[in-house]
$ cat run-v4.txt   # compact mmCIF, C-alpha atoms
# COMPACT_ATOMS: atom_id res chain seq x y z
CA MET A 1010 27.56 -1.77 -44.79
CA SER A 1011 24.12 -2.18 -46.41
CA ALA A 1012 20.98 -2.43 -44.33
CA ASP A 1013 18.76 -3.25 -47.32
CA ARG A 1014 18.51 -6.92 -46.32
CA LEU A 1015 16.92 -6.02 -42.98
CA ASN A 1016 13.14 -6.29 -42.57
CA PRO A 1017 11.98 -2.68 -43.28
CA VAL A 1018 9.01 -2.96 -40.93
CA ILE A 1019 11.25 -3.68 -37.94
CA HIS A 1020 14.20 -1.60 -39.15
CA ALA A 1021 13.15 1.75 -37.69
CA PRO A 1022 14.43 2.99 -34.30
CA ALA A 1023 11.14 3.20 -32.37
CA ARG A 1024 9.68 -0.01 -33.82
CA LEU A 1025 12.93 -1.88 -33.22
CA ARG A 1026 12.89 -0.75 -29.58
CA LEU A 1027 9.26 -1.89 -29.31
CA MET A 1028 9.97 -5.33 -30.74
CA VAL A 1029 13.06 -5.89 -28.56
CA THR A 1030 11.26 -4.73 -25.41
CA LEU A 1031 8.29 -7.01 -26.02
CA ALA A 1032 10.61 -9.91 -26.91
CA ALA A 1033 12.26 -9.51 -23.47
CA LEU A 1034 9.05 -10.87 -21.92
CA PRO A 1035 8.72 -14.65 -21.58
CA HIS A 1036 6.35 -16.47 -23.95
CA GLY A 1037 2.74 -16.05 -22.80
CA ASP A 1038 3.31 -12.69 -21.10
CA ASN A 1039 2.01 -9.28 -22.07
CA LEU A 1040 2.72 -5.70 -21.08
CA SER A 1041 0.23 -2.98 -20.27
CA PHE A 1042 0.14 -0.09 -22.72
CA THR A 1043 1.15 2.41 -20.03
CA ARG A 1044 4.17 0.37 -18.85
CA LEU A 1045 5.28 -0.09 -22.46
CA GLN A 1046 4.95 3.66 -22.94
CA ASP A 1047 7.20 4.23 -19.89
CA LEU A 1048 9.80 1.79 -21.19
CA ILE A 1049 9.90 3.16 -24.72
CA GLY A 1050 9.43 6.83 -23.86
CA LEU A 1051 6.82 7.67 -26.49
CA THR A 1052 3.58 9.63 -26.25
CA PRO A 1053 0.40 7.49 -26.37
CA GLY A 1054 -0.38 8.71 -29.90
CA ASN A 1055 3.09 7.93 -31.19
CA LEU A 1056 3.08 4.53 -29.53
CA ILE A 1057 -0.31 3.61 -31.03
CA THR A 1058 0.87 4.69 -34.49
CA ARG A 1059 3.96 2.51 -34.28
CA LEU A 1060 2.14 -0.46 -32.82
CA ARG A 1061 -0.38 -0.37 -35.66
CA LYS A 1062 2.44 -0.64 -38.16
CA LEU A 1063 3.58 -3.86 -36.51
CA ASP A 1064 0.88 -6.44 -37.08
CA ASP A 1065 3.00 -9.12 -35.41
CA VAL A 1066 2.22 -7.30 -32.19
CA GLN A 1067 -1.06 -8.20 -30.56
CA MET A 1068 -3.05 -5.51 -28.71
CA THR A 1069 -5.88 -6.64 -26.46
CA LYS A 1070 -8.33 -4.33 -24.75
CA SER A 1071 -10.21 -5.55 -21.71
CA GLY A 1072 -12.82 -3.75 -19.60
CA SER A 1073 -14.40 -0.43 -20.50
CA GLY A 1074 -14.34 3.22 -19.46
CA VAL A 1075 -11.70 4.29 -16.93
CA SER A 1076 -10.98 0.68 -15.97
CA ALA A 1077 -10.16 -0.31 -19.57
CA LEU A 1078 -6.77 -1.97 -19.87
CA THR A 1079 -4.89 -2.38 -23.10
CA THR A 1080 -2.17 -5.01 -23.13
CA VAL A 1081 0.45 -5.58 -25.79
CA ALA A 1082 2.28 -8.81 -26.63
CA LEU A 1083 4.52 -10.12 -29.36
CA THR A 1084 3.08 -12.96 -31.43
CA HIS A 1085 5.04 -16.12 -32.31
CA GLU A 1086 5.45 -14.70 -35.81
CA GLY A 1087 6.78 -11.48 -34.30
CA ARG A 1088 9.41 -13.35 -32.29
CA ALA A 1089 10.42 -15.30 -35.37
CA ALA A 1090 10.65 -12.09 -37.42
CA LEU A 1091 12.86 -10.46 -34.77
CA GLU A 1092 15.09 -13.54 -34.57
CA HIS A 1093 15.50 -13.46 -38.35
CA TYR A 1094 16.21 -9.71 -38.22
CA THR A 1095 18.86 -10.31 -35.51
CA ALA A 1096 20.52 -13.08 -37.55
CA VAL A 1097 20.71 -10.90 -40.67
CA LEU A 1098 22.02 -8.00 -38.58
CA ARG A 1099 24.75 -10.21 -37.12
CA GLN A 1100 25.78 -11.33 -40.62
CA LEU A 1101 25.97 -7.72 -41.76
CA LEU A 1102 28.09 -6.71 -38.78
CA GLU A 1103 30.43 -9.70 -39.18
CA SER A 1104 30.90 -9.09 -42.89
CA ALA A 1105 31.69 -5.44 -42.18
CA GLU A 1106 34.44 -6.27 -39.65
CA PRO A 1107 37.98 -6.23 -41.06
CA ALA A 1108 39.64 -9.67 -41.37
CA GLN A 1109 41.84 -10.53 -38.38
CA PRO A 1110 45.57 -10.87 -39.23
CA ARG A 1111 46.94 -14.41 -38.68
CA MET B 467 3.67 -7.49 -41.67
CA LYS B 468 2.31 -4.42 -43.32
CA ASP B 469 4.17 -2.92 -46.23
CA GLY B 470 5.49 0.52 -46.92
CA THR B 471 6.10 1.51 -43.33
CA GLY B 472 9.81 1.51 -42.83
CA ALA B 473 11.69 3.51 -45.42
CA SER B 474 11.42 7.05 -44.04
CA GLU B 475 11.88 6.17 -40.36
CA ALA B 476 14.80 3.84 -41.05
CA ALA B 477 16.66 6.46 -43.08
CA GLY B 478 20.06 7.05 -41.55
CA MET B 479 20.05 3.94 -39.36
CA ASP B 480 22.73 1.48 -40.45
CA ALA B 481 23.33 -2.03 -39.08
CA ARG B 482 25.65 -0.80 -36.33
CA GLY B 483 23.08 1.79 -35.23
CA ALA B 484 20.41 -0.91 -35.14
CA ALA B 485 22.65 -3.13 -33.02
CA VAL B 486 23.17 -0.31 -30.53
CA ILE B 487 19.42 0.34 -30.30
CA MET B 488 18.75 -3.37 -29.76
CA TRP B 489 21.38 -3.59 -27.02
CA GLU B 490 20.04 -0.49 -25.24
CA ALA B 491 16.42 -1.64 -25.46
CA ARG B 492 17.30 -5.14 -24.22
CA GLU B 493 19.34 -3.74 -21.31
CA ARG B 494 16.58 -1.34 -20.31
CA ALA B 495 13.93 -4.07 -20.45
CA ARG B 496 16.16 -6.39 -18.41
CA ARG B 497 16.85 -3.68 -15.83
CA GLU B 498 13.22 -2.59 -15.51
CA LEU B 499 11.40 -5.90 -15.81
CA THR B 500 13.73 -8.14 -13.82
CA VAL B 501 13.30 -8.50 -10.07
CA ASN B 502 16.21 -6.78 -8.32
CA CYS B 503 17.45 -9.72 -6.23
CA PRO B 504 20.32 -8.07 -4.28
CA ALA B 505 17.91 -6.02 -2.16
CA ILE B 506 15.78 -9.09 -1.46
CA PHE B 507 18.73 -11.31 -0.54
CA ALA B 508 20.30 -8.59 1.63
CA SER B 509 17.06 -8.03 3.56
CA TRP B 510 16.73 -11.78 4.27
CA ALA B 511 20.41 -11.99 5.23
CA LEU B 512 19.62 -9.35 7.86
CA VAL B 513 16.72 -11.45 9.19
CA TYR B 514 19.00 -14.43 9.76
CA LEU B 515 22.31 -12.85 10.73
CA LEU B 516 20.83 -10.18 12.99
CA GLY B 517 17.42 -11.60 13.99
CA TYR B 518 18.39 -15.24 14.51
CA GLY B 519 21.73 -14.09 15.93
CA VAL B 520 19.97 -12.01 18.58
CA VAL B 521 17.65 -14.90 19.47
CA TRP B 522 20.69 -17.13 19.87
CA LEU B 523 22.30 -14.57 22.20
CA SER B 524 19.11 -14.57 24.28
CA VAL B 525 19.11 -18.38 24.72
CA ARG B 526 22.86 -19.00 24.84
CA GLY B 527 23.92 -20.72 28.02
CA GLN B 528 20.40 -21.40 29.36
CA GLN B 529 20.64 -24.44 31.63
CA PRO B 530 18.08 -25.93 31.48
CA PHE B 531 16.78 -24.51 28.22
CA HIS B 532 13.94 -22.09 28.90
CA ALA B 533 12.87 -20.08 25.85
CA PRO B 534 14.04 -17.23 23.58
CA ALA B 535 13.40 -13.76 24.97
CA GLY B 536 10.14 -12.20 23.84
CA TRP B 537 11.89 -9.06 22.57
CA ALA B 538 14.28 -11.18 20.48
CA LEU B 539 11.39 -13.05 18.84
CA ALA B 540 9.64 -9.70 18.28
CA LEU B 541 12.80 -8.42 16.54
CA VAL B 542 12.93 -11.49 14.25
CA THR B 543 9.24 -11.04 13.42
CA LEU B 544 9.75 -7.34 12.68
CA LEU B 545 12.78 -8.02 10.46
CA ALA B 546 10.91 -10.81 8.65
CA LEU B 547 7.96 -8.49 8.01
CA LEU B 548 10.35 -5.83 6.69
CA ALA B 549 12.03 -8.39 4.43
CA LEU B 550 8.63 -9.56 3.16
CA GLY B 551 7.79 -5.90 2.47
CA VAL B 552 11.05 -5.41 0.53
CA THR B 553 10.44 -8.63 -1.41
CA ALA B 554 6.87 -7.65 -2.28
CA GLY B 555 7.84 -4.07 -3.16
CA VAL B 556 10.76 -5.02 -5.40
CA THR B 557 8.74 -7.77 -7.10
CA ASP B 558 5.73 -5.51 -7.65
CA ARG B 559 7.90 -2.75 -9.13
CA ALA B 560 9.41 -5.10 -11.71
CA ALA B 561 6.12 -6.87 -12.40
CA SER B 562 4.02 -3.72 -12.72
CA GLY B 563 2.06 -3.89 -15.96
CA VAL B 564 3.27 -7.40 -16.79
CA GLY B 565 0.40 -9.83 -17.28
CA GLY B 566 -0.07 -13.34 -18.55
CA VAL B 567 1.71 -16.49 -17.45
CA SER B 568 4.27 -14.74 -15.22
CA ALA B 569 1.55 -12.95 -13.27
CA LEU B 570 -0.21 -16.24 -12.63
CA ARG B 571 3.06 -17.86 -11.51
CA ARG B 572 3.68 -14.98 -9.08
CA ARG B 573 0.22 -15.35 -7.55
CA ILE B 574 0.68 -19.11 -7.11
CA TYR B 575 4.13 -18.52 -5.60
CA TRP B 576 2.88 -16.00 -3.02
CA LEU B 577 -0.12 -18.18 -2.20
CA SER B 578 2.16 -21.20 -1.66
CA LEU B 579 4.39 -19.16 0.65
CA ALA B 580 1.40 -17.88 2.65
CA ILE B 581 -0.03 -21.41 3.01
CA GLY B 582 3.41 -22.69 4.08
CA LEU B 583 3.78 -20.02 6.76
CA LEU B 584 0.24 -20.71 7.97
CA TRP B 585 1.16 -24.40 8.22
CA ASP B 586 4.18 -23.38 10.31
CA ILE B 587 2.01 -21.46 12.80
CA VAL B 588 -0.66 -24.20 13.02
CA MET B 589 2.01 -26.89 13.54
CA GLN B 590 3.58 -24.91 16.37
CA LEU B 591 0.17 -24.68 18.06
CA ALA B 592 -0.42 -28.41 17.48
CA LEU B 593 2.97 -29.34 18.95
CA ARG B 594 2.32 -27.12 21.97
CA SER B 595 -1.12 -28.67 22.39
CA ALA B 596 0.39 -32.18 22.13
CA GLY B 597 2.71 -31.39 25.03
CA ALA B 598 5.98 -30.86 23.14
CA ASN B 599 8.68 -29.46 25.39
CA ARG B 600 10.30 -26.05 24.93
CA GLY B 601 13.37 -27.53 23.27
CA VAL B 602 11.32 -29.18 20.54
CA LEU B 603 9.30 -26.00 20.04
CA SER B 604 12.51 -23.96 19.74
CA VAL B 605 13.99 -26.28 17.09
CA PHE B 606 10.72 -26.23 15.15
CA ALA B 607 10.30 -22.44 15.39
CA ALA B 608 13.82 -21.88 14.05
CA SER B 609 13.82 -24.46 11.26
CA ALA B 610 10.24 -24.81 9.97
CA PRO B 611 10.25 -21.43 8.13
CA LEU B 612 13.44 -22.54 6.34
CA LEU B 613 11.74 -25.73 5.23
CA VAL B 614 8.76 -23.77 3.89
CA ALA B 615 10.97 -21.24 2.07
CA GLY B 616 13.19 -24.01 0.68
CA VAL B 617 10.30 -26.08 -0.69
CA VAL B 618 8.63 -23.02 -2.24
CA LEU B 619 11.95 -21.93 -3.83
CA VAL B 620 12.67 -25.39 -5.26
CA ALA B 621 9.12 -25.66 -6.64
CA GLY B 622 9.36 -22.12 -8.04
CA THR B 623 12.52 -22.87 -9.98
CA ALA B 624 10.54 -25.28 -12.14
CA ALA B 625 9.00 -22.12 -13.61
CA TRP B 626 12.02 -19.78 -13.38
CA LEU B 627 14.61 -22.35 -14.52
CA ASN B 628 17.17 -20.78 -12.21
CA TRP B 629 19.87 -23.11 -10.85
CA TYR B 630 21.06 -20.57 -8.25
CA MET B 631 17.56 -20.50 -6.73
CA PHE B 632 17.30 -24.28 -6.94
CA GLY B 633 20.61 -24.66 -5.10
CA LEU B 634 19.56 -22.14 -2.49
CA GLY B 635 16.25 -23.95 -1.95
CA ILE B 636 17.99 -27.31 -1.51
CA TRP B 637 20.44 -25.69 0.91
CA LEU B 638 17.58 -24.22 3.00
CA ILE B 639 15.90 -27.65 3.19
CA ALA B 640 19.20 -29.26 4.25
CA VAL B 641 19.81 -26.62 6.94
CA ALA B 642 16.23 -27.03 8.20
CA ALA B 643 16.75 -30.79 8.39
CA PHE B 644 20.12 -30.89 10.14
CA SER B 645 20.42 -27.68 12.20
CA GLY B 646 18.13 -29.14 14.88
CA PHE B 647 20.97 -31.47 15.93
CA ALA B 648 22.70 -28.38 17.34
CA GLY B 649 20.08 -28.34 20.11
CA PRO B 650 17.35 -25.87 21.06
CA ALA B 651 19.83 -23.01 21.58
CA GLY B 652 22.46 -23.87 18.97
CA VAL B 653 19.87 -24.25 16.20
CA TRP B 654 19.44 -20.45 16.12
CA ALA B 655 23.19 -19.87 15.69
CA VAL B 656 23.55 -22.57 13.02
CA ASP B 657 20.55 -21.23 11.09
CA ALA B 658 21.81 -17.64 11.41
CA LEU B 659 25.17 -18.48 9.86
CA ALA B 660 24.15 -21.28 7.49
CA VAL B 661 21.42 -19.16 5.94
CA GLY B 662 22.57 -15.58 6.52
CA ILE B 663 25.98 -15.99 4.87
CA PRO B 664 24.66 -17.69 1.69
CA PHE B 665 22.00 -14.97 1.40
CA LEU B 666 24.75 -12.34 1.63
CA LEU B 667 26.75 -14.20 -1.03
CA MET B 668 23.69 -14.39 -3.28
CA ALA B 669 23.22 -10.63 -2.82
CA ALA B 670 26.82 -10.09 -3.93
CA ILE B 671 26.56 -12.52 -6.87
CA THR B 672 23.36 -10.93 -8.18
CA LEU B 673 24.79 -7.44 -7.66
CA ALA B 674 27.76 -8.17 -9.94
CA PRO B 675 27.32 -6.67 -13.43
CA ARG B 676 25.73 -9.18 -15.78
CA ARG B 677 27.15 -9.84 -19.20
CA SER B 678 24.66 -9.40 -22.00
$ encode --input "run-v4.txt" --output "structure tokens"
Amino acid sequence: MSADRLNPVIHAPARLRLMVTLAALPHGDNLSFTRLQDLIGLTPGNLITRLRKLDDVQMTKSGSGVSALTTVALTHEGRAALEHYTAVLRQLLESAEPAQPR
Amino acid sequence: MKDGTGASEAAGMDARGAAVIMWEARERARRELTVNCPAIFASWALVYLLGYGVVWLSVRGQQPFHAPAGWALALVTLLALLALGVTAGVTDRAASGVGGVSALRRRIYWLSLAIGLLWDIVMQLALRSAGANRGVLSVFAASAPLLVAGVVLVAGTAAWLNWYMFGLGIWLIAVAAFSGFAGPAGVWAVDALAVGIPFLLMAAITLAPRRS
């Protein structure tokens, strides 16, 4: 089973988890950085690094100092990229399954 | 998307591994970000089956109808406050850190419910002031909160697109409309059963494992 056809930016465990988690939110919603960190289980530094690699994820910072809040959301392009990734993944899995006897 | 970011981290992850990661992440997000309805439905089932049931026991057989016992009304109020607390707590836990359109919808929903309950209290005072008898006040006190909850639920489903909630809202409105025909004492029993049992059923339905 070859994974070469899968989008290499999404096709990494932590980034895939990030994309799927953000895609679970309805359109127009965002998630605070700290809640996303809880859900994914990464340190802040690791999470920032991975988010920066995904430019179809939008980070918005509001406020300043201790009250600063960073929110993260998936863009329309990000949702489309994940849908495409899922479709390719499904094709790969189906082609790898042995043919059913008739 | 930026280039040159995936090769090393993706090493060793085949399509099946990716599918497993996607399933786990989706399940975790669903579990953590979705409001846990069984607890909410069960707490409201308690309000109606126990609270309304106790009020009915306190007015059953009154000839002529007098009024529900103060302690029974206090119990309903206490149970309703507890159920509101459970609802707010469960909702806040799931919604923690979630902003945007859903947060705005939640605020509008809670505001609508608060305005509806305020309308209920003001209308009871207005009916009393207009000289309504105790029977009328009893029917209104039992059924008006159902009408408020039903209307807010039905309106809310426009945003949630949830047919179970829509059906429940319509049912609450219907019970509020027709239970009054059971009389000032019977209305409490009809509401207790007609609302408490569906809430229990909804708790069971939403507790059942969901297929992903």
$ closest_atom_pairs --input "run-v4.txt" --of "chain A" --to "chain B" --cutoff "9 Å" --atoms "only C-alpha atoms" --output "tab-separated table"
residue	atom	partner	partner_atom	distance
A:Met1010	CA	B:Ala481	CA	7.1
A:Ser1011	CA	B:Asp480	CA	7.1
A:Ala1012	CA	B:Ala481	CA	5.8
A:Leu1015	CA	B:Ala481	CA	8.5
A:Asn1016	CA	B:Gly472	CA	8.5
A:Pro1017	CA	B:Gly472	CA	4.7
A:Val1018	CA	B:Gly472	CA	4.9
A:Ile1019	CA	B:Gly472	CA	7.3
A:His1020	CA	B:Ala476	CA	5.8
A:Ala1021	CA	B:Ala476	CA	4.3
A:Pro1022	CA	B:Ala476	CA	6.8
A:Ala1023	CA	B:Glu475	CA	8.6
A:Leu1025	CA	B:Met488	CA	6.9
A:Arg1026	CA	B:Ala491	CA	5.5
A:Leu1027	CA	B:Ala491	CA	8.1
A:Val1029	CA	B:Arg492	CA	6.1
A:Thr1030	CA	B:Ala495	CA	5.7
A:Leu1031	CA	B:Ala495	CA	8.5
A:Ala1032	CA	B:Arg492	CA	8.6
A:Ala1033	CA	B:Ala495	CA	6.4
A:Leu1034	CA	B:Leu499	CA	8.2
A:Pro1035	CA	B:Ser568	CA	7.8
A:His1036	CA	B:Val567	CA	8.0
A:Gly1037	CA	B:Val567	CA	5.5
A:Asp1038	CA	B:Gly566	CA	4.3
A:Asn1039	CA	B:Gly565	CA	5.1
A:Leu1040	CA	B:Val564	CA	4.6
A:Ser1041	CA	B:Gly563	CA	4.8
A:Phe1042	CA	B:Gly563	CA	8.0
A:Thr1043	CA	B:Gly563	CA	7.6
A:Arg1044	CA	B:Gly563	CA	5.6
A:Leu1045	CA	B:Gly563	CA	8.2
A:Leu1048	CA	B:Ala495	CA	7.2
A:Ile1049	CA	B:Ala491	CA	8.1
A:Lys1062	CA	B:Lys468	CA	6.4
A:Leu1063	CA	B:Met467	CA	6.3
A:Asp1064	CA	B:Met467	CA	5.5
A:Asp1065	CA	B:Met467	CA	6.5
A:Thr1080	CA	B:Gly565	CA	8.0
A:Gly1087	CA	B:Met467	CA	8.9
A:Thr1095	CA	B:Ala485	CA	8.5
A:Leu1098	CA	B:Ala481	CA	6.1
A:Arg1099	CA	B:Ala485	CA	8.4
A:Leu1101	CA	B:Ala481	CA	6.8
A:Leu1102	CA	B:Ala481	CA	6.7
$ residues_around --input "run-v4.txt" --residues "range 608-621 of chain B" --least-positions-apart "2" --cutoff "8 Å" --atoms "all atoms listed in the file" --output "count of residues only"
29
$ closest_residue --input "run-v4.txt" --among "A:Ser1071, A:Thr1079, A:Gln1100, A:Thr1084" --to "Ile1057 in chain A" --atoms "all atoms listed in the file"
A:Thr1079
$ atom_distance --input "run-v4.txt" --atom1 "CA of Gly652 in chain B" --atom2 "CA of Ala505 in chain B"
28.0 Å
$ closest_residue --input "run-v4.txt" --among "B:Pro664, B:Gly519, B:Gly527, B:Pro534" --to "Arg600 in chain B" --atoms "all atoms listed in the file"
B:Pro534
$ atom_distance --input "run-v4.txt" --atom1 "CA of Ile663 in chain B" --atom2 "CA of Ala535 in chain B"
23.8 Å
$ residues_around --input "run-v4.txt" --residues "Leu550 in chain B" --least-positions-apart "4" --cutoff "10 Å" --atoms "all atoms listed in the file" --output "list in words"
Ile506, Ser509, Trp510, Leu544, Leu545, Ala546, Ala554, Gly555 and Val556 of chain B
$ atom_distance --input "run-v4.txt" --atom1 "CA of Asp558 in chain B" --atom2 "CA of Cys503 in chain B"
12.5 Å
$ residues_near_point --input "run-v4.txt" --point "(17.4, -27.7, 30.8)" --cutoff "10 Å" --atoms "only C-alpha atoms" --output "list of chain:residue names"
B:Gly527, B:Gln528, B:Gln529, B:Pro530, B:Phe531, B:His532, B:Arg600, B:Gly601, B:Pro650
$ closest_residue --input "run-v4.txt" --among "B:Ile574, B:Thr553, B:Val520, B:Leu603" --to "Ala538 in chain B" --atoms "all atoms listed in the file"
B:Val520
$ residues_around --input "run-v4.txt" --residues "Gly517 in chain B" --least-positions-apart "3" --cutoff "8 Å" --atoms "all atoms listed in the file" --output "JSON, numbers by chain"
{"B": [512, 513, 514, 520, 521, 538, 539, 541, 542, 545, 658]}
$ closest_residue --input "run-v4.txt" --among "A:Asp1047, A:Glu1092, A:Glu1086, A:Glu1106" --to "Val1066 in chain A" --atoms "all atoms listed in the file"
A:Glu1086
